[in-house]
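**Q** The structure file model_9.txt (compact mmCIF, C-alpha atoms and all ligand atoms) is provided below.
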```txt
# COMPACT_ATOMS: atom_id res chain seq x y z
CA MET Y 633 -8.59 -35.51 20.67
CA LEU Y 634 -6.31 -32.54 20.24
CA THR Y 635 -2.58 -33.03 20.09
CA PHE Y 636 -0.16 -30.43 21.36
CA CYS Y 637 2.42 -28.90 19.06
CA PHE Y 638 5.86 -29.29 20.63
CA LEU Y 639 7.15 -26.17 18.95
CA CYS Y 640 10.38 -26.08 20.88
CA ALA Y 641 11.54 -29.16 18.99
CA LEU Y 642 11.08 -27.26 15.73
CA VAL Y 643 13.37 -24.32 16.39
CA PRO Y 644 17.14 -24.43 16.56
CA ALA Y 645 18.76 -24.14 19.98
CA SER Y 646 20.25 -20.76 19.02
CA ALA Y 647 16.81 -19.39 18.26
CA CYS Y 648 15.48 -20.64 21.59
CA ALA Y 649 18.37 -18.89 23.29
CA THR Y 650 17.41 -15.65 21.57
CA ALA Y 651 13.84 -16.12 22.69
CA ARG Y 652 15.08 -16.29 26.25
CA GLY Y 653 16.84 -12.97 25.77
CA GLU Y 654 20.34 -14.41 25.94
CA THR Y 655 21.40 -12.60 22.78
CA ARG Y 656 20.31 -9.41 21.05
CA ALA Y 657 21.71 -7.40 23.93
CA ALA Y 658 22.52 -4.56 21.53
CA ALA Y 659 18.83 -4.00 20.92
CA ASP Y 660 18.09 -3.89 24.60
CA ASP Y 661 17.78 -0.41 26.03
CA PRO Y 662 18.55 -0.12 29.74
CA ALA Y 663 16.78 3.25 29.71
CA ARG Y 664 13.56 1.48 28.89
CA PRO Y 665 13.00 -1.53 31.11
CA GLY Y 666 10.25 -4.03 30.46
CA THR Y 667 6.66 -2.93 30.35
CA THR Y 668 4.68 -2.23 33.46
CA VAL Y 669 1.45 -3.30 31.77
CA VAL Y 670 -0.04 -5.96 34.01
CA ASP Y 671 -3.61 -6.20 32.73
CA PRO Y 672 -3.44 -7.86 29.30
CA ARG Y 673 -6.91 -6.51 28.42
CA ALA Y 674 -6.20 -2.91 29.46
CA PRO Y 675 -7.02 -0.88 26.33
CA ILE Y 676 -4.36 1.10 24.50
CA ARG Y 677 -5.41 4.59 23.48
CA CYS Y 678 -4.07 6.02 20.22
CA ASP Y 679 -5.36 8.29 17.44
CA SER Y 680 -6.44 5.38 15.24
CA CYS Y 681 -7.18 2.76 17.90
CA ASP Y 682 -10.96 3.27 18.10
CA ALA Y 683 -11.34 3.18 14.32
CA TRP Y 684 -9.10 0.12 13.99
CA ASN Y 685 -10.95 -1.73 16.73
CA GLN Y 686 -14.47 -1.44 15.34
CA PRO Y 687 -16.07 -4.90 15.14
CA HIS Y 688 -15.86 -6.77 11.85
CA ALA Y 689 -17.89 -9.86 11.01
CA PRO Y 690 -15.62 -12.90 10.61
CA PHE Y 691 -15.51 -14.53 7.20
CA GLN Y 692 -13.96 -17.46 5.38
CA ILE Y 693 -11.12 -16.44 3.09
CA PHE Y 694 -10.51 -19.87 1.61
CA ALA Y 695 -10.91 -23.41 2.88
CA ASN Y 696 -9.54 -23.54 6.46
CA THR Y 697 -8.48 -19.88 6.58
CA TYR Y 698 -10.71 -17.27 8.21
CA TYR Y 699 -10.58 -13.56 8.93
CA VAL Y 700 -11.24 -13.05 12.65
CA GLY Y 701 -9.79 -9.57 13.13
CA VAL Y 702 -11.37 -6.20 13.76
CA GLU Y 703 -12.18 -3.49 11.21
CA GLY Y 704 -8.65 -2.20 10.73
CA LEU Y 705 -6.36 -4.89 12.16
CA THR Y 706 -6.15 -8.41 10.80
CA ALA Y 707 -6.20 -11.57 12.88
CA LEU Y 708 -6.19 -14.74 10.84
CA LEU Y 709 -7.31 -18.20 11.89
CA ILE Y 710 -6.04 -21.35 10.16
CA THR Y 711 -7.92 -24.40 11.37
CA SER Y 712 -7.32 -28.13 11.61
CA PRO Y 713 -8.98 -31.01 13.46
CA GLU Y 714 -5.83 -31.21 15.61
CA GLY Y 715 -5.75 -27.55 16.65
CA HIS Y 716 -5.59 -24.12 15.08
CA VAL Y 717 -3.06 -21.37 14.34
CA LEU Y 718 -3.86 -17.70 14.97
CA ILE Y 719 -1.75 -14.99 13.32
CA ASP Y 720 -1.59 -11.60 15.11
CA GLY Y 721 -3.72 -10.36 17.96
CA GLY Y 722 -4.55 -6.73 17.26
CA LEU Y 723 -4.82 -4.37 20.21
CA PRO Y 724 -5.49 -5.55 23.78
CA GLN Y 725 -9.09 -4.41 23.32
CA SER Y 726 -9.28 -6.47 20.10
CA ALA Y 727 -8.78 -9.76 21.93
CA ALA Y 728 -12.39 -10.13 23.10
CA ARG Y 729 -13.61 -9.41 19.57
CA VAL Y 730 -11.22 -11.95 18.06
CA GLU Y 731 -12.42 -14.56 20.54
CA GLU Y 732 -16.05 -13.72 19.71
CA SER Y 733 -15.31 -14.07 16.00
CA LEU Y 734 -13.85 -17.55 16.55
CA ARG Y 735 -16.94 -18.50 18.53
CA ALA Y 736 -19.24 -17.16 15.80
CA LEU Y 737 -17.49 -19.40 13.30
CA GLY Y 738 -17.86 -22.42 15.59
CA PHE Y 739 -14.25 -22.54 16.80
CA ARG Y 740 -12.75 -22.17 20.27
CA LEU Y 741 -9.80 -20.01 21.28
CA ALA Y 742 -8.83 -22.83 23.64
CA ASP Y 743 -8.15 -24.98 20.54
CA VAL Y 744 -5.55 -22.54 19.18
CA LYS Y 745 -2.25 -24.37 19.62
CA LEU Y 746 0.09 -21.76 18.17
CA HIS Y 747 0.11 -17.96 17.88
CA LEU Y 748 2.20 -16.27 15.19
CA LEU Y 749 3.18 -12.61 14.91
CA THR Y 750 3.95 -10.39 11.93
CA HIS Y 751 5.72 -7.64 13.87
CA GLU Y 752 6.36 -6.39 17.36
CA HIS Y 753 4.14 -3.29 17.51
CA TYR Y 754 1.25 -2.80 19.93
CA ASP Y 755 -1.40 -2.85 17.19
CA HIS Y 756 -0.50 -6.41 16.20
CA ALA Y 757 1.09 -7.83 19.36
CA GLY Y 758 -0.98 -5.96 21.96
CA GLY Y 759 -3.76 -8.54 22.04
CA LEU Y 760 -1.52 -11.60 22.27
CA ALA Y 761 -1.24 -11.76 26.07
CA ALA Y 762 -5.03 -11.71 26.51
CA LEU Y 763 -5.51 -14.33 23.80
CA GLN Y 764 -2.76 -16.50 25.24
CA ALA Y 765 -4.39 -16.32 28.68
CA VAL Y 766 -7.18 -18.43 27.18
CA SER Y 767 -5.29 -20.57 24.64
CA HIS Y 768 -2.16 -21.21 26.75
CA ALA Y 769 -0.42 -21.67 23.39
CA PRO Y 770 3.15 -20.61 22.53
CA VAL Y 771 3.85 -17.55 20.39
CA ALA Y 772 6.29 -17.74 17.49
CA ALA Y 773 7.81 -14.59 16.02
CA GLY Y 774 10.74 -13.51 13.87
CA GLU Y 775 13.91 -13.86 15.88
CA PRO Y 776 14.46 -10.25 17.10
CA ALA Y 777 10.76 -9.82 17.91
CA ALA Y 778 10.93 -12.46 20.63
CA LEU Y 779 12.70 -10.15 23.07
CA ALA Y 780 10.18 -7.37 22.44
CA LEU Y 781 7.31 -9.78 23.14
CA GLN Y 782 8.89 -10.98 26.35
CA ARG Y 783 9.43 -7.42 27.58
CA GLY Y 784 6.31 -5.82 26.13
CA VAL Y 785 8.29 -2.97 24.54
CA PRO Y 786 9.65 -2.36 21.03
CA LEU Y 787 13.30 -2.92 20.16
CA ALA Y 788 15.77 -0.05 20.44
CA ASP Y 789 16.66 -0.29 16.74
CA ASP Y 790 13.03 0.02 15.64
CA PRO Y 791 12.71 2.96 13.20
CA GLN Y 792 9.82 4.32 15.27
CA TYR Y 793 11.42 3.64 18.66
CA ALA Y 794 12.10 7.23 19.65
CA SER Y 795 8.75 8.58 18.44
CA GLY Y 796 7.06 7.97 21.78
CA LYS Y 797 4.12 6.55 19.85
CA LEU Y 798 4.99 2.87 20.22
CA HIS Y 799 2.89 1.92 23.23
CA PRO Y 800 4.08 -0.79 25.61
CA PHE Y 801 1.89 -3.86 25.88
CA ALA Y 802 1.49 -6.82 28.22
CA PRO Y 803 4.46 -9.21 27.92
CA VAL Y 804 3.88 -12.61 26.37
CA ALA Y 805 4.99 -15.99 27.75
CA GLN Y 806 6.20 -19.10 25.88
CA VAL Y 807 7.86 -17.07 23.13
CA ARG Y 808 9.70 -18.98 20.42
CA ALA Y 809 12.00 -17.21 17.97
CA VAL Y 810 11.91 -18.46 14.39
CA ALA Y 811 14.48 -18.14 11.65
CA ASP Y 812 13.94 -17.47 7.97
CA GLY Y 813 12.43 -20.44 6.18
CA GLU Y 814 11.40 -22.37 9.27
CA VAL Y 815 8.27 -24.46 8.94
CA LEU Y 816 6.01 -24.59 12.00
CA ARG Y 817 3.47 -27.38 12.35
CA VAL Y 818 0.23 -27.94 14.24
CA GLY Y 819 -1.26 -31.31 13.30
CA PRO Y 820 -1.56 -31.25 9.48
CA LEU Y 821 -0.92 -27.49 9.23
CA ALA Y 822 2.48 -26.33 7.97
CA ILE Y 823 3.24 -22.61 7.99
CA THR Y 824 6.51 -21.15 6.74
CA ALA Y 825 8.20 -18.11 8.28
CA HIS Y 826 9.76 -15.58 5.90
CA ARG Y 827 11.85 -13.00 7.69
CA THR Y 828 10.99 -9.60 6.22
CA PRO Y 829 12.65 -6.98 8.45
CA GLY Y 830 12.41 -3.30 7.61
CA HIS Y 831 9.32 -1.83 9.22
CA THR Y 832 10.60 -3.45 12.41
CA PRO Y 833 13.67 -5.62 13.09
CA GLY Y 834 11.48 -8.66 13.77
CA GLY Y 835 9.11 -8.34 10.82
CA THR Y 836 8.02 -11.72 9.47
CA SER Y 837 5.62 -12.81 6.74
CA TRP Y 838 3.91 -16.20 6.76
CA THR Y 839 2.84 -18.57 3.98
CA TRP Y 840 0.79 -21.75 3.90
CA ARG Y 841 -1.28 -23.81 1.50
CA SER Y 842 -5.00 -24.34 2.00
CA CYS Y 843 -7.06 -26.89 0.08
CA GLU Y 844 -10.75 -27.25 -0.59
CA GLY Y 845 -11.29 -30.62 -2.21
CA ALA Y 846 -8.73 -30.95 -4.98
CA ARG Y 847 -8.19 -27.21 -5.25
CA CYS Y 848 -5.27 -25.76 -3.32
CA LEU Y 849 -4.19 -22.12 -3.02
CA ASP Y 850 -1.06 -20.46 -1.65
CA LEU Y 851 -1.90 -17.90 1.01
CA VAL Y 852 0.35 -15.11 2.30
CA PHE Y 853 0.06 -12.99 5.42
CA ALA Y 854 2.51 -10.24 4.50
CA ASP Y 855 4.06 -8.13 7.21
CA SER Y 856 3.86 -4.35 7.02
CA LEU Y 857 6.87 -3.22 4.96
CA ASN Y 858 6.13 0.45 5.22
CA PRO Y 859 9.28 2.63 5.59
CA ILE Y 860 7.99 4.96 8.25
CA SER Y 861 9.92 6.18 11.28
CA GLU Y 862 10.18 8.76 13.97
CA ASN Y 863 11.36 12.16 12.72
CA GLY Y 864 15.06 11.91 13.48
CA PHE Y 865 15.58 8.43 12.09
CA ARG Y 866 17.32 7.88 8.74
CA PHE Y 867 17.24 4.52 7.01
CA THR Y 868 20.37 5.57 5.10
CA ASP Y 869 22.45 6.14 8.25
CA ALA Y 870 23.10 2.46 9.03
CA PRO Y 871 25.14 0.48 6.47
CA GLY Y 872 23.05 -2.20 4.79
CA ARG Y 873 19.75 -1.10 6.26
CA VAL Y 874 18.19 0.03 2.98
CA GLU Y 875 19.49 -3.09 1.24
CA THR Y 876 17.98 -5.31 3.96
CA PHE Y 877 14.65 -3.54 3.59
CA ALA Y 878 14.73 -3.88 -0.20
CA ALA Y 879 15.62 -7.57 0.09
CA ALA Y 880 12.56 -8.12 2.29
CA ILE Y 881 10.36 -6.41 -0.29
CA ALA Y 882 11.90 -8.54 -3.05
CA LYS Y 883 11.23 -11.64 -0.94
CA LEU Y 884 7.56 -10.66 -0.66
CA ALA Y 885 7.36 -10.23 -4.44
CA ALA Y 886 8.69 -13.77 -4.97
CA LEU Y 887 6.40 -15.61 -2.52
CA PRO Y 888 3.90 -18.16 -3.81
CA CYS Y 889 0.86 -15.92 -3.56
CA ASP Y 890 -2.68 -16.67 -4.70
CA VAL Y 891 -4.36 -14.78 -1.84
CA LEU Y 892 -2.68 -11.87 -0.02
CA VAL Y 893 -3.63 -10.77 3.46
CA THR Y 894 -1.98 -7.83 5.25
CA GLY Y 895 -1.91 -6.74 8.88
CA HIS Y 896 -3.58 -3.43 8.16
CA VAL Y 897 -6.56 -4.55 6.18
CA GLY Y 898 -6.48 -1.75 3.63
CA ALA Y 899 -3.04 -2.66 2.28
CA SER Y 900 -4.37 -5.77 0.52
CA ALA Y 901 -7.84 -4.39 -0.29
CA LEU Y 902 -9.19 -7.69 1.03
CA ALA Y 903 -11.89 -6.06 3.15
CA ASP Y 904 -13.01 -3.93 0.19
CA LYS Y 905 -13.44 -7.05 -1.92
CA VAL Y 906 -15.36 -8.81 0.83
CA ALA Y 907 -17.54 -5.75 1.48
CA ALA Y 908 -18.35 -5.73 -2.23
CA GLY Y 909 -19.59 -9.31 -1.92
CA GLY Y 910 -16.32 -10.92 -2.94
CA ARG Y 911 -15.88 -14.56 -2.03
CA GLY Y 912 -13.69 -17.37 -3.30
CA ASP Y 913 -12.17 -16.43 -6.66
CA ALA Y 914 -12.83 -12.73 -6.12
CA LEU Y 915 -10.14 -12.83 -3.42
CA VAL Y 916 -7.59 -14.60 -5.62
CA ASN Y 917 -4.92 -12.48 -7.30
CA PRO Y 918 -1.65 -14.25 -8.07
CA ARG Y 919 -0.06 -10.87 -8.78
CA ALA Y 920 -1.08 -9.37 -5.43
CA CYS Y 921 2.28 -9.87 -3.69
CA MET Y 922 4.19 -8.49 -6.66
CA GLU Y 923 1.91 -5.47 -6.89
CA LEU Y 924 2.19 -4.72 -3.17
CA ALA Y 925 5.96 -5.17 -3.31
CA ALA Y 926 6.23 -2.74 -6.23
CA ALA Y 927 4.24 -0.12 -4.32
CA LEU Y 928 6.38 -0.63 -1.20
CA GLN Y 929 9.65 -0.42 -3.17
CA LYS Y 930 8.45 2.87 -4.64
CA LYS Y 931 7.80 4.18 -1.12
CA LEU Y 932 11.25 3.03 0.00
CA ASP Y 933 12.91 4.62 -3.04
CA GLU Y 934 11.12 7.92 -2.34
CA ARG Y 935 12.12 7.79 1.31
CA VAL Y 936 15.77 7.10 0.48
CA ALA Y 937 15.84 9.87 -2.14
CA LYS Y 938 14.41 12.32 0.38
CA GLU Y 939 16.99 11.37 2.99
CA ARG Y 940 19.87 11.66 0.54
CA ALA Y 941 18.62 15.06 -0.62
CA SER Y 942 18.65 16.44 2.89
CA ALA Y 943 21.53 17.12 5.22
CA PRO Y 944 22.10 14.34 7.75
CA ALA Y 945 20.03 14.93 10.83
CA LEU Y 946 21.73 15.62 14.11
CA ARG Y 947 22.47 12.38 15.87
CA ARG Y 948 19.71 11.41 18.18
CA THR Y 949 20.37 11.40 21.86
CA ALA Y 950 19.43 8.29 23.76
CA PRO Y 951 15.65 8.05 24.08
CA SER Y 952 14.34 8.51 27.56
CA ALA Y 953 12.31 5.93 29.40
CA ARG Y 954 8.56 6.28 29.50
ZN ZN E 1001 3.90 -1.39 12.81
```
Translate the structure described by the file into structure tokens.
**A**
Amino acid sequence: MLTFCFLCALVPASACATARGETRAAADDPARPGTTVVDPRAPIRCDSCDAWNQPHAPFQIFANTYYVGVEGLTALLITSPEGHVLIDGGLPQSAARVEESLRALGFRLADVKLHLLTHEHYDHAGGLAALQAVSHAPVAAGEPAALALQRGVPLADDPQYASGKLHPFAPVAQVRAVADGEVLRVGPLAITAHRTPGHTPGGTSWTWRSCEGARCLDLVFADSLNPISENGFRFTDAPGRVETFAAAIAKLAALPCDVLVTGHVGASALADKVAAGGRGDALVNPRACMELAAALQKKLDERVAKERASAPALRRTAPSAR
């Protein structure tokens, strides 16, 4: 008999208020109202979408943790006899493939009791509405991401906001905002939220412990911490922004991390290891989070140096609705 996770009892009242859109007004952009996407399975078209969405055979990462995503976009299933947790949803057109992967492993999407999100972009959040239509489970996301999920559009202070390349997606119901360090539970599962803003304001990484017999490993689903933006955006323009980004990277480096999984599969080389026949210990690298963090900090340093070497860009005008 499955038990339902009463997630609302696990988040502070202030976070619930944020999830309802009662705060974070500064990030709201009246020029861009909520999405008009009504069909949660309507495909999003982008340059990389077809390549990302190629089917990928599901596989066990360790113990109760399984890869159920598509070729280029991770979706991760953590199972328990009392219900499962699913992290990220890929694109809208990924949802059917994620569901098929669960079925191939002998699990049911209807038994997912909690969805989690790394960050509020269409290639990770776009499939959530279609998945939730089957699971009817709540979605937990880093505090600022909750508003984006409810509206189906990115936040106005997203570094890529004005690029015009952040597609809207179907809004998500039952959104719960989580704070740094919160532990979310489904039956015996306990998954910790680590707020890692930078790539987006709501970026969040997730950690949990999986055990097979007496052997337990610390697993990490690290959010994208890639300092990319639309052309006119400068990370150095807002006080504290670079420091916040660097702190998130430092947090990633310090996580308990035996197995690293990333939202874009290539960042953790997990798929390469699996394609090469890697299983079990081949996927374990206790230095993986530190190594990824070092590479990301280098990217951030290069980005900051480039911005400081160039004249400040003209202030952006307010982005127009689309
Ligand atoms: Zn992104």
**Q** Quick one: residues within 7 Å of range 925-930 of chain Y, all atoms listed in the file counted, chain neighbours fewer than 5 positions away excluded, as a PyMOL selection string?
**A** chain Y and resi 857-858+878+881-882+884-885
**Q** Counting only C-alpha atoms and all ligand atoms, give me one row per residue of chain Y with an atom at most 8 Å from an atom of ligand ZN 1001 (chain E), showing the shortest contact pair and its distance in Å to one decimal, sorted by chain then residue number, as a tab-separated table.
**A**
```
residue	atom	partner	partner_atom	distance
Y:His751	CA	E:ZN1001	ZN	6.6
Y:Glu752	CA	E:ZN1001	ZN	7.2
Y:His753	CA	E:ZN1001	ZN	5.1
Y:Tyr754	CA	E:ZN1001	ZN	7.7
Y:Asp755	CA	E:ZN1001	ZN	7.0
Y:His756	CA	E:ZN1001	ZN	7.5
Y:His831	CA	E:ZN1001	ZN	6.5
Y:Thr832	CA	E:ZN1001	ZN	7.0
Y:Ser856	CA	E:ZN1001	ZN	6.5
```
**Q** Write out as a PyMOL selection string the residues lying within 12 Å of Val670 in chain Y, counting all atoms listed in the file and excluding same-chain residues fewer than 2 positions away.
**A** chain Y and resi 666-668+672-675+724+761-762+783-784+800-804
**Q** What is the distance, in Å and to one decimal place, between CA of Arg808 in chain Y and CA of Pro786 in chain Y?
**A**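 These two atoms are separated by 16.6 Å.
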**Q** Using only C-alpha atoms, which of the listed residues (Y:Leu709, Y:Leu924, Y:Val810, Y:Ile676) sits closest to Asn696 in chain Y?
**A** Y:Leu709
**Q** Smallest atom-to-atom distance to Arg847 in chain Y: which of Y:Ala809, Y:His688, Y:Asn917, Y:Phe694, using all atoms listed in the file?
**A**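 Closest to Arg847 in chain Y of all the choices is Y:Phe694.
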**Q** Rounded to one decimal in Å, what is the spacing between CA of Leu708 in chain Y and CA of Ile823 in chain Y?
**A**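 Separation of CA of Leu708 in chain Y and CA of Ile823 in chain Y: 12.6 Å.
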**Q** Counting only C-alpha atoms, which of Y:Arg817, Y:His716, Y:His826, Y:His768 gets nearest to Leu734 in chain Y?
**A**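 Closest candidate: Y:His716.
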**Q** Using only C-alpha atoms for the distances, tell me which of Y:Asp789, Y:Pro918, Y:Val874, Y:Gly834 is nearest to Asp933 in chain Y.
**A** Y:Val874
**Q** Taking (22.2, 3.2, 11.0) in the file's coordinates, which residues come within 12 Å, counting all atoms listed in the file, written as a PyMOL selection string?
**A** chain Y and resi 788-791+864-876+944-945+947-948
**Q** Out of Y:Tyr699, Y:Trp684, Y:Phe853, Y:Phe739, which residue has the shortest atom-to-atom distance to Gly835 in chain Y when counting only C-alpha atoms?
**A**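 Between Y:Tyr699, Y:Trp684, Y:Phe853, Y:Phe739, the residue approaching Gly835 in chain Y most closely is Y:Phe853.
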**Q** Write out as a PyMOL selection string the residues lying within 12 Å of Glu731 in chain Y, counting only C-alpha atoms and excluding same-chain residues fewer than 5 positions away.
**A** chain Y and resi 687+689-690+699-702+707-709+718+721-722+724-726+736-744+759-760+762-767
**Q** To one decimal in Å, tell me the separation between CA of Leu798 in chain Y and CA of Glu732 in chain Y.
**A**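 Interatomic distance here is 26.8 Å.
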**Q** For a quick check of understanding, using all atoms listed in the file, which of Y:Ser680, Y:Ala825, Y:Ala772, Y:Tyr793 has the smallest distance to Glu703 in chain Y?
**A** Y:Ser680
**Q** Would you kindly return, as a list of chain:residue names, each protein, DNA or RNA residue with an atom no farther than 12 Å from any atom of Leu849 in chain Y, considering all atoms listed in the file and excluding same-chain residues fewer than 6 positions away?
**A** Y:Ile693, Y:Phe694, Y:Ala695, Y:Asn696, Y:Thr697, Y:Thr839, Y:Trp840, Y:Arg841, Y:Ser842, Y:Cys843, Y:Pro888, Y:Cys889, Y:Asp890, Y:Val891, Y:Leu892, Y:Gly912, Y:Asp913, Y:Leu915, Y:Val916, Y:Asn917, Y:Pro918
**Q** Would you list the contacts of Gln806 in chain Y as a list in words, taking every protein, DNA or RNA residue within 8 Å and counting all atoms listed in the file, but skipping same-chain residues closer than 5 positions in sequence?
**A**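 Contacts, in chain order: Ala769, Pro770 and Val771 of chain Y.
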